[in-house]
Amino acid sequence: MRIVVAHNRYREAQPSGENIIVDSEIAQLTAAGVEVLPFIRSSDEIPSMSKAAKALLPISPIWAPRAQHDLSRLLTEHRPDVLHLHNPYPLLSPWVVRTAHRHGVPVVQTVHNYRQVCSSGIYFRDGVICQDCKGRALGVPAIKHRCYRDSAAQSALMATTLAVHRGTWRSVDRYIALTSAIADHLRDYGIPDERIVVKPNSVPDPGQPSPLGDGFLYMARLSPEKGLDLLLDAWRRHPVGALGTLRVAGDGELRPLVESAAAERSDVVYLGQIDRAGVRAAVEASAVVIAASMWHDVLPTVILEALASGRPVLGTALGGIPYLVGADAPHEPAGTGPAENASAVASPVASEAASLVAPRVAGGGSPMPAGIGLGDAGWVVAPEPAALAAALPVARAGAPGLAVGARARYERTFHPDVVTKQLIDVYAGLARTSTRA
């Protein structure tokens, strides 16, 4: 089987779980005997582009002529069975779907965010969840609020791109939804059930877990939607040293917040942006990994890495986080509720977190405190400082009891042997029905 994997890499200076997943998926497919033809562009290429190439950048999200030319040549030469698309922006463009179809090659896309509808891709603006552009022919609110790269011009371009390519996205042969909530998002967008497959991501198996370390690890892009300020607010509600060490890894616009916290408290350590070896060391040094997202985070890679290393996770009850830790329950699909009801102090979200705990008890058999949802591999709470502060000591005390469950959940649901087989089955189903001559 021959597969083209198409992806526009995010800047290396911007930590990207999506880049990690694409790299891992290519390696896993290759190890399984699939011939992978990477069709990769990187946003890091932009500064070194010629003046002529840079002149075309404003239209590249709609139509990237160089990428279409190169892809057409690749498809003609290698005649792949399937093209698997991840992120097309800005150097590939959704037009790659049309180019593949012109060559009779079916297209799979993994949906990592909400960019079929939302210009920023995260349904989050000014500190709250926002769906103001949902259902509109053109995302005028995104332009008004400068949602894409804080630029009205670039937001107008992205909103136009989404409008122009609505038909393109609806022509994709098979969508991979990372969770059932993303499947609901796609159905709401008009994609029929038979073209949606729910399949999570995976990360490489690091081997049997080392003994638990101590304290907590927060590893993410340091931007508002990732909840760093929420975590630091909750952490400051405990005496210095009461919870062990809080390690923070990553970089971004909120870096001064963690640098200030590390300067004022000896139990906060800022690791900066770390490489893969540093990630492994930081996870092993900790007992619990924190995912404090303030948006409907689809499938945070850091949680997969935590589970693979046998570290339970304390997260907010948003997006794919409850599913990842095994604390999910029927709930409103991610990104479909009223924006005003999904803010950082939203009672529906708090109610959802509370509803997850009713049948569960802590590792020692005592009832879990109200407002803390317990899963096989961690805990979830409402995205509120008081709720997270209350859960921190519970997670610290309960980590040894969930470490084995965290690793077991990884092996059962997110191990490459499990997930890669699911992906190959998707490819095989499409290849059999391909119209290519």
# chains A, B, ... in the order shown; residues from 1 in each chain; ligands from 1

call {"tool": "residues_around", "arguments": {"residues": "Gly405 of chain A", "least_positions_apart": "6", "cutoff": "10 Å", "atoms": "only C-alpha atoms", "output": "PyMOL selection string"}}
result
chain A and resi 307+310-312+325-326+375-378+411

call {"tool": "write_last_selection", "arguments": {"atoms": "C-alpha atoms", "output": "mmCIF file, in the first residue's frame"}}
result
data_model
loop_
_atom_site.group_PDB
_atom_site.id
_atom_site.type_symbol
_atom_site.label_atom_id
_atom_site.label_comp_id
_atom_site.auth_asym_id
_atom_site.auth_seq_id
_atom_site.Cartn_x
_atom_site.Cartn_y
_atom_site.Cartn_z
ATOM 1 C CA LEU A 307 -0.407 7.665 29.855
ATOM 2 C CA GLY A 310 2.199 5.455 33.402
ATOM 3 C CA ARG A 311 1.498 8.965 34.709
ATOM 4 C CA PRO A 312 -2.117 9.808 35.547
ATOM 5 C CA VAL A 325 -8.467 9.742 31.070
ATOM 6 C CA GLY A 326 -11.508 7.447 30.921
ATOM 7 C CA GLY A 375 -11.455 8.072 35.467
ATOM 8 C CA ASP A 376 -9.287 5.022 34.949
ATOM 9 C CA ALA A 377 -6.268 7.205 34.233
ATOM 10 C CA GLY A 378 -6.893 10.518 35.975
ATOM 11 C CA GLU A 411 -1.883 -0.074 25.918
#

call {"tool": "select_by_dssp", "arguments": {"residues": "segment 118-295 of chain A", "states": "strand (DSSP E)", "output": "list in words"}}
result
Phe124, Arg125, Val128, Ile129, Arg174, Tyr175, Ile176, Ala177, Ile196, Val197, Val198, Phe216, Leu217, Tyr218, Met219, Leu246, Arg247, Val248, Ala249, Val268, Val269, Tyr270, Leu271, Gly272, Val288, Val289, Ile290 and Ala291 of chain A

call {"tool": "write_last_selection", "arguments": {"atoms": "N, CA, C and O atoms", "output": "tab-separated table (two decimals), in the first residue's frame"}}
result
chain	number	residue	atom	x	y	z
A	124	PHE	N	-12.20	29.64	20.49
A	124	PHE	CA	-11.82	30.31	21.74
A	124	PHE	C	-11.39	31.73	21.40
A	124	PHE	O	-10.59	31.96	20.50
A	125	ARG	N	-11.95	32.70	22.15
A	125	ARG	CA	-11.62	34.10	21.91
A	125	ARG	C	-11.80	34.90	23.17
A	125	ARG	O	-12.78	34.74	23.89
A	128	VAL	N	-12.77	33.06	26.50
A	128	VAL	CA	-13.95	32.20	26.61
A	128	VAL	C	-14.13	31.42	25.31
A	128	VAL	O	-13.63	31.79	24.25
A	129	ILE	N	-14.87	30.33	25.41
A	129	ILE	CA	-15.21	29.55	24.23
A	129	ILE	C	-16.18	30.36	23.38
A	129	ILE	O	-17.11	31.00	23.88
A	174	ARG	N	-12.95	10.41	3.37
A	174	ARG	CA	-13.08	9.86	4.71
A	174	ARG	C	-12.44	10.79	5.72
A	174	ARG	O	-11.30	11.25	5.53
A	175	TYR	N	-13.18	11.11	6.76
A	175	TYR	CA	-12.66	11.92	7.85
A	175	TYR	C	-12.29	11.04	9.02
A	175	TYR	O	-13.05	10.14	9.40
A	176	ILE	N	-11.14	11.31	9.61
A	176	ILE	CA	-10.76	10.67	10.87
A	176	ILE	C	-11.03	11.68	11.97
A	176	ILE	O	-10.39	12.73	12.06
A	177	ALA	N	-12.03	11.35	12.80
A	177	ALA	CA	-12.37	12.17	13.97
A	177	ALA	C	-11.64	11.57	15.16
A	177	ALA	O	-11.78	10.38	15.44
A	196	ILE	N	-17.24	9.24	8.20
A	196	ILE	CA	-16.55	9.59	9.44
A	196	ILE	C	-16.11	8.32	10.17
A	196	ILE	O	-16.92	7.41	10.37
A	197	VAL	N	-14.85	8.26	10.53
A	197	VAL	CA	-14.31	7.17	11.34
A	197	VAL	C	-13.71	7.77	12.60
A	197	VAL	O	-12.93	8.73	12.51
A	198	VAL	N	-14.07	7.26	13.76
A	198	VAL	CA	-13.49	7.74	15.01
A	198	VAL	C	-12.25	6.90	15.32
A	198	VAL	O	-12.33	5.68	15.49
A	216	PHE	N	4.10	17.74	39.89
A	216	PHE	CA	3.26	17.86	38.71
A	216	PHE	C	4.06	18.41	37.52
A	216	PHE	O	5.02	19.17	37.71
A	217	LEU	N	3.61	18.05	36.33
A	217	LEU	CA	4.19	18.58	35.10
A	217	LEU	C	3.09	19.20	34.26
A	217	LEU	O	2.07	18.56	33.98
A	218	TYR	N	3.31	20.43	33.84
A	218	TYR	CA	2.44	21.11	32.86
A	218	TYR	C	3.31	21.37	31.64
A	218	TYR	O	4.34	22.05	31.73
A	219	MET	N	2.90	20.84	30.49
A	219	MET	CA	3.71	20.96	29.28
A	219	MET	C	2.79	21.32	28.12
A	219	MET	O	1.95	20.52	27.70
A	246	LEU	N	5.97	21.97	40.89
A	246	LEU	CA	5.26	22.17	39.63
A	246	LEU	C	6.29	22.52	38.57
A	246	LEU	O	6.94	23.57	38.63
A	247	ARG	N	6.45	21.62	37.61
A	247	ARG	CA	7.36	21.86	36.49
A	247	ARG	C	6.54	22.35	35.30
A	247	ARG	O	5.52	21.75	34.96
A	248	VAL	N	7.00	23.41	34.67
A	248	VAL	CA	6.30	23.98	33.52
A	248	VAL	C	7.25	23.96	32.33
A	248	VAL	O	8.36	24.49	32.40
A	249	ALA	N	6.81	23.34	31.23
A	249	ALA	CA	7.62	23.27	30.02
A	249	ALA	C	6.84	23.85	28.86
A	249	ALA	O	5.63	23.65	28.75
A	268	VAL	N	7.91	26.15	42.04
A	268	VAL	CA	7.59	26.28	40.61
A	268	VAL	C	8.91	26.35	39.84
A	268	VAL	O	9.76	27.20	40.13
A	269	VAL	N	9.08	25.45	38.89
A	269	VAL	CA	10.31	25.40	38.10
A	269	VAL	C	9.93	25.54	36.62
A	269	VAL	O	9.11	24.77	36.11
A	270	TYR	N	10.53	26.51	35.95
A	270	TYR	CA	10.27	26.70	34.52
A	270	TYR	C	11.38	26.03	33.73
A	270	TYR	O	12.55	26.40	33.83
A	271	LEU	N	11.01	25.05	32.92
A	271	LEU	CA	11.97	24.27	32.14
A	271	LEU	C	12.25	24.86	30.77
A	271	LEU	O	13.18	24.42	30.09
A	272	GLY	N	11.42	25.82	30.34
A	272	GLY	CA	11.56	26.35	29.00
A	272	GLY	C	11.03	25.37	27.97
A	272	GLY	O	10.30	24.42	28.29
A	288	VAL	N	2.22	13.37	38.29
A	288	VAL	CA	0.96	13.69	37.63
A	288	VAL	C	1.24	14.72	36.54
A	288	VAL	O	2.03	15.64	36.73
A	289	VAL	N	0.58	14.56	35.41
A	289	VAL	CA	0.64	15.55	34.33
A	289	VAL	C	-0.66	16.34	34.31
A	289	VAL	O	-1.75	15.77	34.48
A	290	ILE	N	-0.56	17.64	34.12
A	290	ILE	CA	-1.73	18.53	34.16
A	290	ILE	C	-2.05	19.02	32.75
A	290	ILE	O	-1.17	19.44	32.00
A	291	ALA	N	-3.33	18.95	32.38
A	291	ALA	CA	-3.84	19.52	31.13
A	291	ALA	C	-4.96	20.49	31.50
A	291	ALA	O	-6.10	20.07	31.71

call {"tool": "closest_residue", "arguments": {"among": "A:Met49, A:Ile40, A:Ile21, A:Ala220", "to": "His112 of chain A", "atoms": "only C-alpha atoms"}}
result
A:Ile21

call {"tool": "closest_residue", "arguments": {"among": "A:Thr76, A:Thr245, A:Thr179, A:Ser60", "to": "Thr161 of chain A", "atoms": "only C-alpha atoms"}}
result
A:Ser60

call {"tool": "atom_distance", "arguments": {"atom1": "atom CA of Ile26 of chain A", "atom2": "atom CA of Val279 of chain A"}}
result
20.4 Å

call {"tool": "select_by_dssp", "arguments": {"residues": "segment 146-351 of chain A", "states": "helix (DSSP H, G or I)", "output": "ChimeraX atom specification"}}
result
/A:152-164,166-169,180-189,193-195,224-226,228-235,255-264,276-285,301-308,321-324,339-341,347-351

call {"tool": "residues_around", "arguments": {"residues": "His185 of chain A", "least_positions_apart": "2", "cutoff": "12 Å", "atoms": "only C-alpha atoms", "output": "ChimeraX atom specification"}}
result
/A:111-118,123,131,134-135,175-183,187-193,196,198,296,298,319,332-337

call {"tool": "write_last_selection", "arguments": {"atoms": "N, CA and C atoms", "output": "mmCIF file, in the first residue's frame"}}
result
data_model
loop_
_atom_site.group_PDB
_atom_site.id
_atom_site.type_symbol
_atom_site.label_atom_id
_atom_site.label_comp_id
_atom_site.auth_asym_id
_atom_site.auth_seq_id
_atom_site.Cartn_x
_atom_site.Cartn_y
_atom_site.Cartn_z
ATOM 1 N N VAL A 111 -8.891 15.297 11.505
ATOM 2 C CA VAL A 111 -9.363 16.598 11.990
ATOM 3 C C VAL A 111 -8.768 16.847 13.373
ATOM 4 N N HIS A 112 -7.800 17.753 13.423
ATOM 5 C CA HIS A 112 -7.099 18.062 14.666
ATOM 6 C C HIS A 112 -7.689 19.269 15.390
ATOM 7 N N ASN A 113 -8.592 20.010 14.728
ATOM 8 C CA ASN A 113 -9.147 21.228 15.322
ATOM 9 C C ASN A 113 -10.480 21.535 14.646
ATOM 10 N N TYR A 114 -10.962 22.764 14.803
ATOM 11 C CA TYR A 114 -12.290 23.137 14.308
ATOM 12 C C TYR A 114 -12.214 24.098 13.118
ATOM 13 N N ARG A 115 -11.152 24.009 12.318
ATOM 14 C CA ARG A 115 -10.923 25.005 11.285
ATOM 15 C C ARG A 115 -11.798 24.822 10.046
ATOM 16 N N GLN A 116 -12.675 23.866 10.005
ATOM 17 C CA GLN A 116 -13.695 23.884 8.947
ATOM 18 C C GLN A 116 -14.626 25.081 9.139
ATOM 19 N N VAL A 117 -14.750 25.536 10.395
ATOM 20 C CA VAL A 117 -15.705 26.592 10.745
ATOM 21 C C VAL A 117 -15.015 27.815 11.335
ATOM 22 N N CYS A 118 -14.025 27.578 12.183
ATOM 23 C CA CYS A 118 -13.415 28.633 13.005
ATOM 24 C C CYS A 118 -12.064 29.037 12.427
ATOM 25 N N TYR A 123 -12.149 27.556 18.503
ATOM 26 C CA TYR A 123 -13.397 27.978 19.157
ATOM 27 C C TYR A 123 -13.120 28.684 20.491
ATOM 28 N N GLN A 131 -18.315 30.471 19.484
ATOM 29 C CA GLN A 131 -18.747 29.864 18.220
ATOM 30 C C GLN A 131 -19.521 30.868 17.364
ATOM 31 N N LYS A 134 -20.070 30.046 13.671
ATOM 32 C CA LYS A 134 -20.749 28.804 13.319
ATOM 33 C C LYS A 134 -22.068 29.087 12.615
ATOM 34 N N GLY A 135 -22.276 28.402 11.480
ATOM 35 C CA GLY A 135 -23.520 28.551 10.733
ATOM 36 C C GLY A 135 -23.552 29.726 9.785
ATOM 37 N N TYR A 175 -13.180 11.107 6.756
ATOM 38 C CA TYR A 175 -12.658 11.921 7.846
ATOM 39 C C TYR A 175 -12.291 11.043 9.021
ATOM 40 N N ILE A 176 -11.139 11.307 9.608
ATOM 41 C CA ILE A 176 -10.761 10.674 10.866
ATOM 42 C C ILE A 176 -11.035 11.677 11.974
ATOM 43 N N ALA A 177 -12.033 11.351 12.798
ATOM 44 C CA ALA A 177 -12.373 12.170 13.965
ATOM 45 C C ALA A 177 -11.644 11.573 15.161
ATOM 46 N N LEU A 178 -10.872 12.383 15.859
ATOM 47 C CA LEU A 178 -10.059 11.855 16.951
ATOM 48 C C LEU A 178 -10.884 11.450 18.156
ATOM 49 N N THR A 179 -12.088 12.001 18.272
ATOM 50 C CA THR A 179 -13.004 11.625 19.355
ATOM 51 C C THR A 179 -14.429 11.675 18.813
ATOM 52 N N SER A 180 -15.366 11.158 19.597
ATOM 53 C CA SER A 180 -16.771 11.217 19.186
ATOM 54 C C SER A 180 -17.262 12.654 19.145
ATOM 55 N N ALA A 181 -16.688 13.532 19.959
ATOM 56 C CA ALA A 181 -17.076 14.947 19.929
ATOM 57 C C ALA A 181 -16.690 15.589 18.598
ATOM 58 N N ILE A 182 -15.531 15.227 18.045
ATOM 59 C CA ILE A 182 -15.147 15.745 16.736
ATOM 60 C C ILE A 182 -16.047 15.155 15.654
ATOM 61 N N ALA A 183 -16.452 13.906 15.828
ATOM 62 C CA ALA A 183 -17.407 13.315 14.877
ATOM 63 C C ALA A 183 -18.710 14.112 14.884
ATOM 64 N N ARG A 187 -20.481 16.067 11.732
ATOM 65 C CA ARG A 187 -21.889 15.858 11.340
ATOM 66 C C ARG A 187 -22.617 17.200 11.285
ATOM 67 N N ASP A 188 -22.347 18.040 12.267
ATOM 68 C CA ASP A 188 -22.986 19.353 12.301
ATOM 69 C C ASP A 188 -22.568 20.193 11.089
ATOM 70 N N TYR A 189 -21.371 19.939 10.576
ATOM 71 C CA TYR A 189 -20.858 20.642 9.399
ATOM 72 C C TYR A 189 -21.463 20.100 8.105
ATOM 73 N N GLY A 190 -22.113 18.950 8.190
ATOM 74 C CA GLY A 190 -22.774 18.385 7.018
ATOM 75 C C GLY A 190 -22.124 17.143 6.452
ATOM 76 N N ILE A 191 -21.179 16.553 7.182
ATOM 77 C CA ILE A 191 -20.513 15.339 6.718
ATOM 78 C C ILE A 191 -21.345 14.126 7.137
ATOM 79 N N PRO A 192 -21.716 13.252 6.197
ATOM 80 C CA PRO A 192 -22.531 12.086 6.549
ATOM 81 C C PRO A 192 -21.754 11.063 7.374
ATOM 82 N N ASP A 193 -22.488 10.293 8.180
ATOM 83 C CA ASP A 193 -21.878 9.326 9.089
ATOM 84 C C ASP A 193 -20.947 8.348 8.382
ATOM 85 N N ILE A 196 -17.238 9.238 8.201
ATOM 86 C CA ILE A 196 -16.548 9.593 9.443
ATOM 87 C C ILE A 196 -16.115 8.324 10.165
ATOM 88 N N VAL A 198 -14.068 7.262 13.761
ATOM 89 C CA VAL A 198 -13.488 7.740 15.013
ATOM 90 C C VAL A 198 -12.248 6.905 15.322
ATOM 91 N N HIS A 296 -12.088 23.522 24.046
ATOM 92 C CA HIS A 296 -12.412 22.120 23.816
ATOM 93 C C HIS A 296 -11.233 21.445 23.110
ATOM 94 N N VAL A 298 -8.859 19.069 21.549
ATOM 95 C CA VAL A 298 -9.339 17.873 20.858
ATOM 96 C C VAL A 298 -8.733 16.600 21.422
ATOM 97 N N GLY A 319 -13.488 19.190 25.879
ATOM 98 C CA GLY A 319 -12.976 18.537 24.686
ATOM 99 C C GLY A 319 -12.745 17.055 24.878
ATOM 100 N N GLU A 332 -22.632 17.369 25.969
ATOM 101 C CA GLU A 332 -22.841 18.216 24.794
ATOM 102 C C GLU A 332 -21.616 18.159 23.892
ATOM 103 N N PRO A 333 -21.775 17.919 22.590
ATOM 104 C CA PRO A 333 -20.618 17.823 21.701
ATOM 105 C C PRO A 333 -19.730 19.056 21.787
ATOM 106 N N ALA A 334 -18.427 18.837 21.727
ATOM 107 C CA ALA A 334 -17.475 19.933 21.820
ATOM 108 C C ALA A 334 -17.754 20.982 20.759
ATOM 109 N N GLY A 335 -17.790 22.232 21.196
ATOM 110 C CA GLY A 335 -17.940 23.323 20.249
ATOM 111 C C GLY A 335 -19.349 23.566 19.772
ATOM 112 N N THR A 336 -20.369 22.947 20.400
ATOM 113 C CA THR A 336 -21.720 23.141 19.890
ATOM 114 C C THR A 336 -22.612 23.918 20.852
ATOM 115 N N GLY A 337 -22.137 24.162 22.059
ATOM 116 C CA GLY A 337 -22.977 24.866 23.024
ATOM 117 C C GLY A 337 -22.874 26.363 22.877
#

call {"tool": "atom_distance", "arguments": {"atom1": "atom CA of Leu29 of chain A", "atom2": "atom CA of Lys199 of chain A"}}
result
14.8 Å

call {"tool": "residues_around", "arguments": {"residues": "segment 255-260 of chain A", "least_positions_apart": "4", "cutoff": "7 Å", "atoms": "only C-alpha atoms", "output": "list of chain:residue names"}}
result
A:Leu222, A:Asp251, A:Glu264, A:Tyr270

call {"tool": "write_last_selection", "arguments": {"atoms": "C-alpha atoms", "output": "PDB file, in the first residue's frame"}}
result
ATOM      1  CA  LEU A 222       2.059  29.012  26.797  1.00  0.00           C
ATOM      2  CA  ASP A 251       7.058  28.659  25.400  1.00  0.00           C
ATOM      3  CA  GLU A 264       8.329  34.076  43.697  1.00  0.00           C
ATOM      4  CA  TYR A 270      10.269  26.700  34.521  1.00  0.00           C
TER       5      TYR A 270
END

call {"tool": "residues_around", "arguments": {"residues": "Arg280 of chain A", "least_positions_apart": "5", "cutoff": "12 Å", "atoms": "only C-alpha atoms", "output": "ChimeraX atom specification"}}
result
/A:204-207,209-210,217,219,249,274-275,285-286,302,305-306,308-311

call {"tool": "residues_around", "arguments": {"residues": "Ala13 of chain A", "least_positions_apart": "2", "cutoff": "9 Å", "atoms": "only C-alpha atoms", "output": "number ranges by chain"}}
result
A: 10-11, 15-16, 44, 251-252, 273
